[in-house]
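Accompanying notes for the structure given below.
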2 protein chains.
Amino acid sequence: MKALKFSEKLELVENYPRPVPAENEALIRVLLAGICNTDLEIIKGYMGFKGILGHEFVGIVEKIHADNQTLLHKRVVGEINCGCKNLDCSFCNQGLQRHCPDRKVLGIYGKDGCMAEYITLPLENLLAVPDSVKDEEACFCEPLAAGFEILEQVDIRTSDDVLILGDGKLGILIDFALQNTMANITHAGKHKHKLAIVAEKGVRTVMPEELDNRQYDFVVEATGTSGGLKTALQHVKPRGAIVLKSTTAAGKEIDLTPLVINEITLVGSRCGRFGPALKALEKGVNIRPLISAVVPFEKALDAFAKAGAKGTLKVLLDLR
Amino acid sequence: MKALKFSEKLELVENYPRPVPAENEALIRVLLAGICNTDLEIIKGYMGFKGILGHEFVGIVEKIHADNQTLLHKRVVGEINCGCKNLDCSFCNQGLQRHCPDRKVLGIYGKDGCMAEYITLPLENLLAVPDSVKDEEACFCEPLAAGFEILEQVDIRTSDDVLILGDGKLGILIDFALQNTMANITHAGKHKHKLAIVAEKGVRTVMPEELDNRQYDFVVEATGTSGGLKTALQHVKPRGAIVLKSTTAAGKEIDLTPLVINEITLVGSRCGRFGPALKALEKGVNIRPLISAVVPFEKALDAFAKAGAKGTLKVLLDLR
């Protein structure tokens with residue numbers, strides 16, 4: 001099958017072996033795959049991953065290696081973490097496969113990803129996509145779930161003041177998720193055309209230099225830049241919380257003294273469950289303004305170049 | 001009055017002016033004052049504080065500038081943060097004077113401390129000490145409250161595994177507070193004679209080098225050393241929480257990437273309300289093994305030298 005492989009370099013190959021579903025796994029034909037910043041990091045060396053890239057997709061189930069054939073021929077999205085499923089794994093037992101110490105992660109760690117004609121995933125990772133949700137929208141399930149993950153971790157009340165730092169894809173999807181709290185959101189970013197996507201939903205938007213001394217109950221750091229956490233610490237209220245979404249911001253060393261003095265809570269936040277994101281897509285959250293391009297799979301290398309360019313939001317690879 | 005003053009150096013002075021209680025304040029004659037690590041930091045320059053040191057005390061109310069004279073001649077302890085009490089201060093309005101941006105802090109910021117014959121404090125800061133609680137015990141109210149503060153910030157369940165790092169005064173008082181959760185506590189420290197204080201309460205104690213790969217739901221960093229947070233990150237479970245009690249540990253710069261990947265929550269924690277601590281002292285928590293010495297106030301400089309020496313726990317200054 002055709003596949004976008006990364007080892008020394010990124011390469012579109014024609015004859016990669018088609019994966020074979022193990023027991024309780026499905027074989028899925030990929031329709032669309034999204035390029036995530038994590039993919040751009042991986043080709044710079046992040047996670048030391050070698051193999052087929054990609055973890056954002058929508059596809060059709062073509063074969064199921066299990067008695068339960070309910071999802072056969074259905075359009076699906078799939079959670080990307082595959083836990084060990086051992087009976088004594090406290091994470092898998094709580095539905096937290098995404099923290100199983102022995103997990104494999106689609107296109108990121110130990111498992112070939114979705115930038116290929118076919119993938120396999122455990123049946124339990126799959127969710128059927130409602131007919132009303134288009135392929136392009138379904139493909140946003142994974143990054144939107146990362147936004148909803150915040151609501152699983154902290155309790156944001158309607159009266160809270162929330163600051164989102166960063167207007168990249170992740171920042172905007174986080175904004176979409178947090179709008180459901182009805183809290184007072186301020187979104188700071190450097191790109192007027194990106195901020196416009198949330199401004200039209202009634203969110204207050206500011207450029208970084210317009211941030212005043214106002215303090216926030218919650219600050220979400222999603223700039224993916226090393227200065228982000230420092231900015232967050234400047235703008236969070238005493239006893240408030242910072243949600244740290246990017247490993248890039250975390251990678252910079254920082255003095256946490258104000259965190260102790262002001263009793264700030266710092267919450268690391270990563271992938272989320274797909275359910276809430278799929279529900280939001282079904283309810284009509286409009287992710288279309290985030291799509292910068294849908295590129296035929298044959299031009300995947302061009303698509304990566306575009307995805308990495310300044311000002312680009314989401315680039316999707318089309319395998320239909 | 002006699003007072004222990006810090007400006008360029010630490011000095012016992014004889015003729016410091018006795019403070020005068022403002023409206024709704026009490027004049028308190030100090031019986032005992034405790035030397036805290038914060039005091040030792042202040043004389044090295046922390047907070048830039050100049051004036052009378054000390055924020056741990058028990059005393060007798062000698063005068064009240066208010067109609068309500070209930071506490072007159074009573075033995076009291078006192079919360080050390082004095083908020084602005086403005087009607088529009090969201091912190092003071094929530095009983096969080098300890099986070100009021102315009103607060104003064106006894107012996108730490110903007111207000112003379114308790115290493116003197118007399119202090120003043122707002123009436124609302126004072127709590128009457130039950131007769132069954134001895135002076136020496138009451139003097140531990142402030143640092144023990146810092147231990148109980150953790151229980152106001154995180155929900156520790158009986159089934160949780162908790163690791164406390166550091167066997168100084170704060171670490172041991174935190175242990176006393178957390179024992180009330182009935183969780184499974186492991187206490188790591190470098191001093192067998194200090195760990196013995198908690199071991200006799202049934203707490204599992206280990207030397208730092210004995211810490212294995214076991215992972216904990218909660219790790220409390222109370223070593224007051226720069227490597228503490230790094231150790232905490234190594235021993236906390238994915239989705240677990242680290243409570244950071246010391247600004248010294250926070251002052252070291254650190255890479256927080258594992259915090260994002262494992263969705264760790266880092267909780268800055270400082271002073272607490274006195275109520276729970278006083279209740280615990282009344283119920284008989286035994287802090288006596290933490291007292292290294294009770295020194296007459298005239299020998300305050302010697303007492304500071306002793307407090308700073310290796311292996312010392314609490315040194316109290318006796319003004320009775």
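Identifiers in the structure tokens: chain A, B, ... in order shown; residue index from 1 per chain; ligand index from 1 in order shown.
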### Query
Near chain A, which residues of chain B fall within 9 Å when you count only C-alpha atoms, and what do they look like as a VMD selection string?
chain B and resid 91 99 to 101 238 to 239 241 244 to 271
Keeping only N, CA and C atoms, write the selected residues to a file as a short mmCIF file (atom, residue, chain, number, x, y, z; two decimals), in the first residue's frame.
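For reference, out.cif as written:
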```
data_model
loop_
_atom_site.label_atom_id
_atom_site.label_comp_id
_atom_site.auth_asym_id
_atom_site.auth_seq_id
_atom_site.Cartn_x
_atom_site.Cartn_y
_atom_site.Cartn_z
N PHE B 91 -10.28 38.46 47.29
CA PHE B 91 -9.61 37.50 48.16
C PHE B 91 -10.07 37.66 49.61
N HIS B 99 -4.05 35.68 50.35
CA HIS B 99 -3.72 35.96 48.95
C HIS B 99 -4.10 37.38 48.53
N CYS B 100 -4.52 38.19 49.46
CA CYS B 100 -4.85 39.59 49.14
C CYS B 100 -3.60 40.26 48.56
N PRO B 101 -3.71 40.90 47.40
CA PRO B 101 -2.51 41.50 46.80
C PRO B 101 -1.93 42.64 47.64
N PRO B 238 1.42 8.84 36.47
CA PRO B 238 0.69 9.61 35.46
C PRO B 238 -0.67 10.01 36.04
N ARG B 239 -1.10 11.23 35.76
CA ARG B 239 -2.35 11.78 36.29
C ARG B 239 -2.31 12.06 37.80
N ALA B 241 -0.50 13.97 41.36
CA ALA B 241 -0.26 15.37 41.71
C ALA B 241 0.99 15.51 42.58
N LEU B 244 3.92 21.31 45.93
CA LEU B 244 5.21 21.97 46.07
C LEU B 244 5.12 22.94 47.24
N LYS B 245 5.80 22.63 48.35
CA LYS B 245 5.68 23.43 49.56
C LYS B 245 6.81 24.42 49.72
N SER B 246 7.89 24.26 48.99
CA SER B 246 9.01 25.14 49.29
C SER B 246 9.44 25.96 48.10
N THR B 247 9.64 27.25 48.36
CA THR B 247 10.09 28.14 47.30
C THR B 247 11.52 27.81 46.89
N THR B 248 12.28 27.20 47.78
CA THR B 248 13.65 26.83 47.43
C THR B 248 13.65 25.78 46.33
N ALA B 249 12.78 24.77 46.47
CA ALA B 249 12.69 23.75 45.44
C ALA B 249 12.18 24.36 44.15
N ALA B 250 11.30 25.36 44.26
CA ALA B 250 10.72 25.97 43.07
C ALA B 250 11.71 26.87 42.36
N GLY B 251 12.68 27.39 43.11
CA GLY B 251 13.60 28.36 42.54
C GLY B 251 14.55 27.78 41.51
N LYS B 252 14.74 26.48 41.56
CA LYS B 252 15.60 25.82 40.57
C LYS B 252 14.82 25.65 39.27
N GLU B 253 15.46 25.96 38.17
CA GLU B 253 14.76 25.82 36.90
C GLU B 253 14.68 24.36 36.51
N ILE B 254 13.55 23.96 35.91
CA ILE B 254 13.33 22.55 35.64
C ILE B 254 12.56 22.34 34.35
N ASP B 255 12.85 21.21 33.68
CA ASP B 255 12.15 20.86 32.45
C ASP B 255 10.84 20.15 32.81
N LEU B 256 9.72 20.73 32.40
CA LEU B 256 8.42 20.21 32.80
C LEU B 256 7.76 19.31 31.75
N THR B 257 8.52 18.88 30.74
CA THR B 257 7.94 18.04 29.69
C THR B 257 7.19 16.83 30.26
N PRO B 258 7.75 16.11 31.25
CA PRO B 258 7.01 14.94 31.78
C PRO B 258 5.67 15.33 32.39
N LEU B 259 5.57 16.55 32.87
CA LEU B 259 4.32 17.03 33.47
C LEU B 259 3.20 17.05 32.43
N VAL B 260 3.53 17.45 31.19
CA VAL B 260 2.52 17.48 30.13
C VAL B 260 2.21 16.06 29.67
N ILE B 261 3.25 15.30 29.38
CA ILE B 261 3.04 13.95 28.82
C ILE B 261 2.26 13.08 29.79
N ASN B 262 2.57 13.17 31.06
CA ASN B 262 1.88 12.31 32.04
C ASN B 262 0.73 13.02 32.75
N GLU B 263 0.38 14.18 32.26
CA GLU B 263 -0.75 14.96 32.81
C GLU B 263 -0.68 15.07 34.32
N ILE B 264 0.50 15.45 34.80
CA ILE B 264 0.70 15.66 36.23
C ILE B 264 0.13 17.03 36.62
N THR B 265 -0.40 17.11 37.82
CA THR B 265 -0.83 18.40 38.37
C THR B 265 0.19 18.83 39.43
N LEU B 266 0.65 20.06 39.30
CA LEU B 266 1.63 20.60 40.24
C LEU B 266 0.93 21.70 41.03
N VAL B 267 0.86 21.52 42.35
CA VAL B 267 0.08 22.44 43.18
C VAL B 267 1.00 23.22 44.10
N GLY B 268 1.09 24.51 43.90
CA GLY B 268 1.85 25.36 44.82
C GLY B 268 1.07 25.51 46.11
N SER B 269 1.74 25.40 47.24
CA SER B 269 1.03 25.39 48.53
C SER B 269 1.83 26.15 49.57
N ARG B 270 1.15 27.01 50.33
CA ARG B 270 1.87 27.88 51.26
C ARG B 270 1.18 27.84 52.63
N CYS B 271 0.76 28.97 53.13
CA CYS B 271 0.14 29.05 54.47
C CYS B 271 -1.27 28.46 54.45
#
```
### Contacts of Tyr216 of chain B at 12 Å (only C-alpha atoms; same-chain gap of 6+ positions) as a PyMOL selection string
chain B and resi 156+159-165+183-187+231-242+264
### Task
Just the strand (DSSP E) stuff from segment 181-271 of chain A, please, per backbone DSSP, written as number ranges by chain.
A: 184-188, 204-206, 216-221, 236-244, 265-268
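Interatomic distance, atom CA of Met207 of chain B against atom CA of Glu142 of chain B: 27.5 Å.
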### Message
Just want the 7 Å neighbourhood of Ile60 of chain B, counted on only C-alpha atoms, with same-chain residues fewer than 3 positions away dropped. Output as a VMD selection string.
### Response
chain B and resid 28 to 30 73 to 76
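Closest approach to Ala305 of chain A among A:Arg288, A:Ala280, A:Gly113, A:Leu40: A:Leu40, based on only C-alpha atoms.
Residues of segment 8-54 of chain B carrying a DSSP assignment of alpha helix (DSSP H), computed from the backbone, are B:Asn37, B:Thr38, B:Asp39, B:Leu40, B:Glu41, B:Ile42.
Residues in contact with Arg18 of chain B at up to 8 Å, not including ones fewer than 3 positions away on its chain and judged by only C-alpha atoms, are Met1, Tyr118 and Ile119 of chain B.
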If you keep N, CA and C atoms, can you produce a file of those selected residues as a PDB file, in the first residue's frame?
```pdb
ATOM      1  N   MET B   1      10.192  48.329  74.337  1.00  0.00           N
ATOM      2  CA  MET B   1      10.132  46.886  74.601  1.00  0.00           C
ATOM      3  C   MET B   1      11.344  46.190  73.967  1.00  0.00           C
ATOM      4  N   TYR B 118       5.706  42.583  72.501  1.00  0.00           N
ATOM      5  CA  TYR B 118       4.315  42.853  72.106  1.00  0.00           C
ATOM      6  C   TYR B 118       4.158  42.899  70.593  1.00  0.00           C
ATOM      7  N   ILE B 119       2.996  42.472  70.133  1.00  0.00           N
ATOM      8  CA  ILE B 119       2.611  42.671  68.729  1.00  0.00           C
ATOM      9  C   ILE B 119       1.154  43.129  68.689  1.00  0.00           C
TER      10      ILE B 119
END
```
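Distance annotation: of A:Glu221, A:Glu124, A:Glu200, A:Asp135, the residue with the minimal separation from Asn24 of chain A is A:Glu124; atom set is only C-alpha atoms.
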### Given only C-alpha atoms as the counted atoms, nearest of A:Ala26, A:Cys89, A:Met47, A:Ala188 to Asn68 of chain A
A:Ala26
### Message
Using Å and a single decimal, report how far atom CA of Gly34 of chain B sits from atom CA of Ile172 of chain B.
### Response
15.8 Å
#### Entry: Exercise: Leu121 of chain A partners within 12 Å, only C-alpha atoms, chain neighbours under 2 positions left out, as a PyMOL selection string
chain A and resi 19-30+55+57+59-65+76-83+104-107+111-114+118-119+123-127
Give me, as a compact mmCIF listing (two decimals) with all heavy atoms, in the first residue's frame, all polymer residues having an atom no more than 12 Å from Tyr46 of chain A, counting only C-alpha atoms and skipping those fewer than 2 positions away in the same chain.
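Now in result.txt:
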```
# COMPACT_ATOMS: atom_id res chain seq x y z
N PHE A 6 8.54 7.77 7.69
CA PHE A 6 9.66 8.58 8.16
C PHE A 6 10.71 7.68 8.78
O PHE A 6 10.42 6.90 9.69
CB PHE A 6 9.20 9.61 9.20
CG PHE A 6 10.33 10.38 9.81
CD1 PHE A 6 11.03 11.33 9.04
CD2 PHE A 6 10.73 10.17 11.11
CE1 PHE A 6 12.09 12.03 9.58
CE2 PHE A 6 11.80 10.88 11.67
CZ PHE A 6 12.48 11.80 10.89
N ASN A 37 0.97 19.31 14.54
CA ASN A 37 2.30 19.83 14.91
C ASN A 37 3.21 18.73 15.44
O ASN A 37 4.42 18.79 15.27
CB ASN A 37 2.18 20.94 15.94
CG ASN A 37 1.78 22.27 15.31
OD1 ASN A 37 1.68 22.37 14.08
ND2 ASN A 37 1.54 23.27 16.13
N THR A 38 2.60 17.74 16.10
CA THR A 38 3.41 16.63 16.60
C THR A 38 4.12 15.93 15.44
O THR A 38 5.29 15.52 15.57
CB THR A 38 2.52 15.62 17.36
OG1 THR A 38 1.85 16.32 18.42
CG2 THR A 38 3.34 14.49 17.96
N ASP A 39 3.44 15.79 14.29
CA ASP A 39 4.09 15.19 13.13
C ASP A 39 5.29 16.03 12.69
O ASP A 39 6.35 15.50 12.35
CB ASP A 39 3.09 15.07 11.97
CG ASP A 39 1.89 14.21 12.32
OD1 ASP A 39 2.10 13.12 12.89
OD2 ASP A 39 0.75 14.62 12.05
N LEU A 40 5.10 17.34 12.72
CA LEU A 40 6.20 18.24 12.32
C LEU A 40 7.36 18.12 13.31
O LEU A 40 8.53 18.22 12.91
CB LEU A 40 5.70 19.69 12.24
CG LEU A 40 4.57 19.94 11.22
CD1 LEU A 40 4.03 21.37 11.35
CD2 LEU A 40 5.04 19.67 9.80
N GLU A 41 7.03 17.88 14.58
CA GLU A 41 8.08 17.69 15.59
C GLU A 41 8.78 16.34 15.38
O GLU A 41 10.00 16.24 15.53
CB GLU A 41 7.50 17.74 17.01
CG GLU A 41 6.97 19.11 17.43
CD GLU A 41 8.06 20.17 17.51
OE1 GLU A 41 9.17 19.84 17.95
OE2 GLU A 41 7.80 21.32 17.08
N ILE A 42 8.00 15.31 15.06
CA ILE A 42 8.58 13.97 14.88
C ILE A 42 9.63 13.98 13.77
O ILE A 42 10.70 13.38 13.91
CB ILE A 42 7.48 12.92 14.59
CG1 ILE A 42 6.68 12.64 15.87
CG2 ILE A 42 8.08 11.63 14.02
CD1 ILE A 42 5.47 11.73 15.67
N ILE A 43 9.34 14.69 12.68
CA ILE A 43 10.34 14.68 11.60
C ILE A 43 11.56 15.52 11.95
O ILE A 43 12.56 15.50 11.25
CB ILE A 43 9.74 15.06 10.21
CG1 ILE A 43 9.20 16.49 10.21
CG2 ILE A 43 8.63 14.08 9.81
CD1 ILE A 43 8.63 16.91 8.84
N LYS A 44 11.46 16.23 13.10
CA LYS A 44 12.69 16.88 13.61
C LYS A 44 13.35 16.02 14.69
O LYS A 44 14.34 16.42 15.29
CB LYS A 44 12.33 18.23 14.25
CG LYS A 44 11.86 19.30 13.27
CD LYS A 44 11.54 20.59 14.05
CE LYS A 44 10.58 21.49 13.28
NZ LYS A 44 9.84 22.40 14.19
N GLY A 48 11.76 10.07 18.77
CA GLY A 48 12.60 9.09 18.08
C GLY A 48 11.79 8.11 17.23
O GLY A 48 12.23 7.00 16.95
N PHE A 49 10.59 8.52 16.80
CA PHE A 49 9.71 7.61 16.07
C PHE A 49 10.18 7.39 14.63
O PHE A 49 10.55 8.33 13.94
CB PHE A 49 8.29 8.17 16.07
CG PHE A 49 7.30 7.34 15.29
CD1 PHE A 49 6.80 6.16 15.82
CD2 PHE A 49 6.88 7.73 14.02
CE1 PHE A 49 5.89 5.39 15.10
CE2 PHE A 49 5.96 6.96 13.30
CZ PHE A 49 5.47 5.80 13.84
N LYS A 50 10.15 6.13 14.21
CA LYS A 50 10.41 5.77 12.81
C LYS A 50 9.24 4.91 12.35
O LYS A 50 8.84 3.98 13.06
CB LYS A 50 11.69 4.93 12.66
CG LYS A 50 12.91 5.50 13.35
CD LYS A 50 13.59 6.56 12.53
CE LYS A 50 14.75 7.16 13.32
NZ LYS A 50 15.16 8.46 12.80
N GLY A 107 1.16 6.19 15.16
CA GLY A 107 1.99 7.15 14.43
C GLY A 107 2.92 7.97 15.31
O GLY A 107 3.52 8.94 14.84
N ILE A 108 3.03 7.59 16.59
CA ILE A 108 3.88 8.36 17.51
C ILE A 108 4.85 7.47 18.28
O ILE A 108 6.01 7.79 18.47
CB ILE A 108 3.03 9.20 18.50
CG1 ILE A 108 2.22 10.25 17.75
CG2 ILE A 108 3.92 9.87 19.55
CD1 ILE A 108 1.27 11.06 18.59
N TYR A 109 4.34 6.29 18.69
CA TYR A 109 5.20 5.43 19.48
C TYR A 109 4.80 3.96 19.30
O TYR A 109 3.72 3.54 19.72
CB TYR A 109 5.11 5.80 20.97
CG TYR A 109 6.07 5.02 21.82
CD1 TYR A 109 7.42 5.34 21.85
CD2 TYR A 109 5.62 3.92 22.57
CE1 TYR A 109 8.31 4.61 22.61
CE2 TYR A 109 6.52 3.18 23.34
CZ TYR A 109 7.86 3.53 23.35
OH TYR A 109 8.74 2.79 24.10
N THR A 247 4.34 20.54 25.10
CA THR A 247 5.63 20.09 25.63
C THR A 247 6.72 21.09 25.27
O THR A 247 7.72 21.17 25.97
CB THR A 247 6.00 18.70 25.07
OG1 THR A 247 5.83 18.72 23.66
CG2 THR A 247 5.12 17.63 25.67
N THR A 248 6.52 21.85 24.21
CA THR A 248 7.54 22.85 23.84
C THR A 248 7.63 23.92 24.92
O THR A 248 8.71 24.29 25.36
CB THR A 248 7.18 23.53 22.50
OG1 THR A 248 6.71 22.55 21.61
CG2 THR A 248 8.38 24.23 21.92
```
### Query
What lies within 10 Å of Lys2 of chain A using only C-alpha atoms, ignoring chain neighbours under 4 positions off, as number ranges by chain?
A: 12-18, 115-118, 297-298, 319
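Shortest atom-to-atom contact with Gly147 of chain A among A:Val220, A:Val133, A:Leu229, A:Met182: A:Val220, counting only C-alpha atoms.
In this model, the gap between atom CA of Phe218 of chain A and atom CA of Lys201 of chain A comes to 19.6 Å.
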